[in-house]
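Engineer: Input: one structure, supplied below.
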Amino acid sequence: MAKATDPDQNLIKLPSLRAVKAFVAAARYQNFTRAAEALCVTQGAISRQIRELEEHLGTELFTRAGRAVELTATGSIFFDVVQLSFTNIGEAAERIRSNSDSKHVVTLCCSHAFANFWLAPRLPDFFETYPEIDLNLVVTQNFLSMETGVHPDLIICKLKKSHDGYHSQPLMCDVIYPVCTPQYLEKHPQLSSLEHLPDAALLNLSPYGRSQVAEHVDWRMWFACHNIDLKERSSDTPHFFNANDYNLLIQLALRHQGVALGWHYLVSPLIKEGLLVRPVREELVHRETLHYLNFNEDKARDPSCCKLRDWLIEQFARSLAPDRS
């Protein structure tokens, strides 16, 4: 005979969620009648549920003045917490509903930098080519643990077989080289020599807070691969700016604030537009660091998911070769 489950005290101690919902509505509208209208119940039901909640908590949540009500200090604290919790519950429920919707919704997960620099310029082409597909984009730096309720159809990251149930396809390796604006190079022409490049204002991508799924490349490593020790950099050289936000570094480079390391697949469109240039020809080809397209095997027969997968592969093929002009 199976042993009976012991009572879960944490669940037992929770207040009635129906009462909490009534409390949130009353706090939002500061009026029991309006709260009742919003929840399609009677004003008496709202009053009973608020009274039940106050008895459960052992404190008053509202001060009543005629038809209007105001939160007490305790009520304000409770409202801040439960409103955020209800918002999270609502968003999670909406994600689940979207995943079961009859519309052609495809979820793609990628990094912030990929979304901003690689994907965004190409999305108009995708929208025009596949108007029947609604794209749901999830950006993250932590591909190892997805938020509850998020099950992407496709994931682009540096993890092979990022999760169980995904098929991995290699896309490319990293090609990394310095970039700056034509104006910055014109003002500092000596930077066209690798020997003098360390004298530039260097915009450095730090590893802090980033998902460590591959060896990190920063200015120190890049120069070391070209037999230059940044420790020998003169103390009177321009600033060495650290940030773990790649978008910020490229925005600073575009504002003529220094030289950043450019990942070819991200910065090549900016180079083609003439917004950025390569001050030197040297580059680091990191062949052991691959980017993968991880495809949810459960969606292998889903036409919309397959269309997005094939479109991504085609777009990568077009932009794969480094521009050595």
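Residue numbering restarts at 1 in every chain; chains get A, B, ... in the order shown in the structure tokens, and ligands count up from 1 in that same order.
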Determine, counting only C-alpha atoms, which protein, DNA and RNA residues have an atom within 10 Å of an atom of segment 156-161 of chain A; residues of the same chain fewer than 5 positions away are not included. Present the result as a ChimeraX atom specification.

Structural biologist: /A:108-111,114,140-144,166-173,211-214,289-295,312

Engineer: Would you pick out the contacts of segment 19-33 of chain A at 7 Å or less, using only C-alpha atoms, so that residues sharing its chain but fewer than 2 positions from it are not included, and give the list as a list in words?

Structural biologist: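 Result of the neighbour search: Ser16, Leu17, Ala35, Ala36, Glu37, Gln43, Ile46, Gln49, Ile50, Leu53, Arg67, Ala68, Val69, Glu70, Leu71, Phe79 and Gln83 of chain A.
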
Engineer: Go ahead and save the picked residues with C-alpha atoms, as a compact mmCIF listing (two decimals), in the first residue's frame.

Structural biologist:
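part_29.txt was written with the following content:
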```txt
# COMPACT_ATOMS: atom_id res chain seq x y z
CA SER A 16 -6.60 31.75 -1.22
CA LEU A 17 -5.50 32.79 -4.72
CA ALA A 35 -12.76 45.71 -8.73
CA ALA A 36 -15.92 43.60 -8.82
CA GLU A 37 -16.76 44.87 -12.32
CA GLN A 43 -19.11 43.81 -4.79
CA ILE A 46 -14.87 41.22 -3.27
CA GLN A 49 -12.57 37.76 -0.14
CA ILE A 50 -10.66 40.80 1.16
CA LEU A 53 -7.42 37.53 3.24
CA ARG A 67 -16.66 53.78 -1.47
CA ALA A 68 -12.97 54.51 -1.87
CA VAL A 69 -10.25 52.39 -0.24
CA GLU A 70 -6.56 52.99 0.28
CA LEU A 71 -3.79 50.51 0.96
CA PHE A 79 0.57 44.49 -3.28
CA GLN A 83 1.38 42.11 -8.44
```

Engineer: List every residue of segment 85-211 of chain A that DSSP, applied to the backbone, labels as strand (DSSP E), and write the result as number ranges by chain.

Structural biologist: A: 104-110, 133-139, 154-157, 166-179, 202-205

Engineer: One number please: atom CA of Asp153 of chain A to atom CA of Asn296 of chain A, in Å, one decimal.

Structural biologist: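 Atom-to-atom, atom CA of Asp153 of chain A and atom CA of Asn296 of chain A are spaced 5.1 Å apart.
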
Engineer: Provide the atom CA of Cys306 of chain A to atom CA of Ser319 of chain A distance in Å, to one decimal place.

Structural biologist: 20.2 Å

Engineer: Can you pull out every residue within 9 Å of Leu203 of chain A, counting only C-alpha atoms, but drop anything in the same chain fewer than 4 positions away, and send it as JSON, numbers by chain?

Structural biologist: {"A": [219, 239, 240, 241, 242, 243, 249, 250, 252, 253, 257, 258, 259, 260, 261]}

Engineer: Quick one: write out the picked residues with C-alpha atoms as a PDB file, in the first residue's frame?

Structural biologist:
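What ended up in out00.pdb:
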```
ATOM      1  CA  TRP A 219      42.246  42.259 -26.352  1.00  0.00           C
ATOM      2  CA  HIS A 239      41.773  54.543 -22.006  1.00  0.00           C
ATOM      3  CA  PHE A 240      41.278  50.785 -21.838  1.00  0.00           C
ATOM      4  CA  PHE A 241      37.507  50.444 -21.443  1.00  0.00           C
ATOM      5  CA  ASN A 242      36.018  47.182 -20.133  1.00  0.00           C
ATOM      6  CA  ALA A 243      32.394  46.110 -20.543  1.00  0.00           C
ATOM      7  CA  LEU A 249      31.284  48.439 -27.233  1.00  0.00           C
ATOM      8  CA  ILE A 250      30.217  48.563 -30.872  1.00  0.00           C
ATOM      9  CA  LEU A 252      31.142  53.343 -28.679  1.00  0.00           C
ATOM     10  CA  ALA A 253      33.262  52.325 -31.658  1.00  0.00           C
ATOM     11  CA  GLN A 257      35.629  56.323 -29.164  1.00  0.00           C
ATOM     12  CA  GLY A 258      38.251  53.701 -29.942  1.00  0.00           C
ATOM     13  CA  VAL A 259      38.983  50.296 -31.439  1.00  0.00           C
ATOM     14  CA  ALA A 260      36.915  47.220 -30.607  1.00  0.00           C
ATOM     15  CA  LEU A 261      37.337  43.585 -31.514  1.00  0.00           C
TER      16      LEU A 261
END
```

Engineer: Could you tell me which of A:Leu137, A:Leu266, A:Ala73, A:Cys180 comes closest to Leu202 of chain A if we count only C-alpha atoms?

Structural biologist: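 Once distances to Leu202 of chain A are computed over only C-alpha atoms, the minimum belongs to A:Cys180.
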
Engineer: Using only C-alpha atoms, can you tell me which of A:Ala92, A:Val179, A:His56, A:Val81 comes closest to Ile12 of chain A?

Structural biologist: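 Nearest to Ile12 of chain A: A:His56.
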
Engineer: Can you work out which one of A:Asp199, A:Asp298, A:Glu282, A:Glu288 has the shortest atom-to-atom distance to Asp236 of chain A, counting only C-alpha atoms?

Structural biologist: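 Counting only C-alpha atoms, the residue closest to Asp236 of chain A is A:Asp199.
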
Engineer: For the helix (DSSP H, G or I) assignment from backbone DSSP, which residues of segment 75-237 of chain A qualify? Please present them as a PyMOL selection string.

Structural biologist: chain A and resi 75-99+112-129+182-187+189-192+197-199+219-224+230-232

Engineer: Export C-alpha atoms of the chosen residues as a tab-separated table (two decimals), in the first residue's frame?

Structural biologist:
```
chain	number	residue	atom	x	y	z
A	75	GLY	CA	-1.12	46.37	2.13
A	76	SER	CA	1.30	48.34	-0.07
A	77	ILE	CA	4.13	45.90	0.68
A	78	PHE	CA	1.89	42.91	-0.06
A	79	PHE	CA	0.57	44.49	-3.28
A	80	ASP	CA	4.09	45.10	-4.66
A	81	VAL	CA	4.96	41.43	-4.21
A	82	VAL	CA	1.75	39.80	-5.43
A	83	GLN	CA	1.38	42.11	-8.44
A	84	LEU	CA	4.81	41.04	-9.70
A	85	SER	CA	3.97	37.38	-9.06
A	86	PHE	CA	0.65	37.67	-10.93
A	87	THR	CA	2.43	39.37	-13.84
A	88	ASN	CA	4.93	36.51	-14.06
A	89	ILE	CA	2.14	33.93	-13.88
A	90	GLY	CA	0.24	35.73	-16.63
A	91	GLU	CA	3.28	35.93	-18.91
A	92	ALA	CA	4.09	32.24	-18.38
A	93	ALA	CA	0.49	31.30	-19.18
A	94	GLU	CA	0.60	33.44	-22.33
A	95	ARG	CA	3.79	31.72	-23.48
A	96	ILE	CA	2.15	28.33	-23.01
A	97	ARG	CA	-0.97	29.46	-24.89
A	98	SER	CA	1.19	30.82	-27.71
A	99	ASN	CA	3.01	27.51	-28.03
A	112	HIS	CA	21.78	39.78	-27.53
A	113	ALA	CA	24.68	40.55	-29.87
A	114	PHE	CA	23.47	38.06	-32.47
A	115	ALA	CA	19.96	39.50	-32.32
A	116	ASN	CA	21.14	43.09	-32.70
A	117	PHE	CA	23.90	42.82	-35.27
A	118	TRP	CA	23.26	39.66	-37.30
A	119	LEU	CA	19.54	38.98	-37.10
A	120	ALA	CA	17.95	42.44	-36.99
A	121	PRO	CA	19.28	43.62	-40.42
A	122	ARG	CA	17.99	40.40	-42.02
A	123	LEU	CA	14.56	40.18	-40.37
A	124	PRO	CA	12.78	42.36	-42.98
A	125	ASP	CA	13.74	39.77	-45.60
A	126	PHE	CA	12.36	36.97	-43.44
A	127	PHE	CA	9.10	38.82	-42.74
A	128	GLU	CA	8.62	39.52	-46.43
A	129	THR	CA	9.46	35.97	-47.50
A	182	PRO	CA	37.09	55.62	-40.75
A	183	GLN	CA	37.14	58.94	-38.87
A	184	TYR	CA	38.97	57.45	-35.89
A	185	LEU	CA	41.56	55.83	-38.16
A	186	GLU	CA	42.01	59.07	-40.11
A	187	LYS	CA	42.68	60.89	-36.85
A	189	PRO	CA	46.77	56.89	-38.93
A	190	GLN	CA	49.55	55.11	-37.00
A	191	LEU	CA	46.98	52.51	-35.93
A	192	SER	CA	47.18	50.92	-39.37
A	197	LEU	CA	47.59	49.36	-32.41
A	198	PRO	CA	48.00	48.92	-28.61
A	199	ASP	CA	48.36	52.71	-28.40
A	219	TRP	CA	42.25	42.26	-26.35
A	220	ARG	CA	44.91	40.61	-24.18
A	221	MET	CA	44.36	37.22	-25.76
A	222	TRP	CA	44.06	38.66	-29.28
A	223	PHE	CA	47.33	40.56	-28.97
A	224	ALA	CA	49.04	37.57	-27.32
A	230	LEU	CA	49.61	44.46	-23.50
A	231	LYS	CA	51.44	44.77	-20.16
A	232	GLU	CA	54.09	46.73	-22.06
```
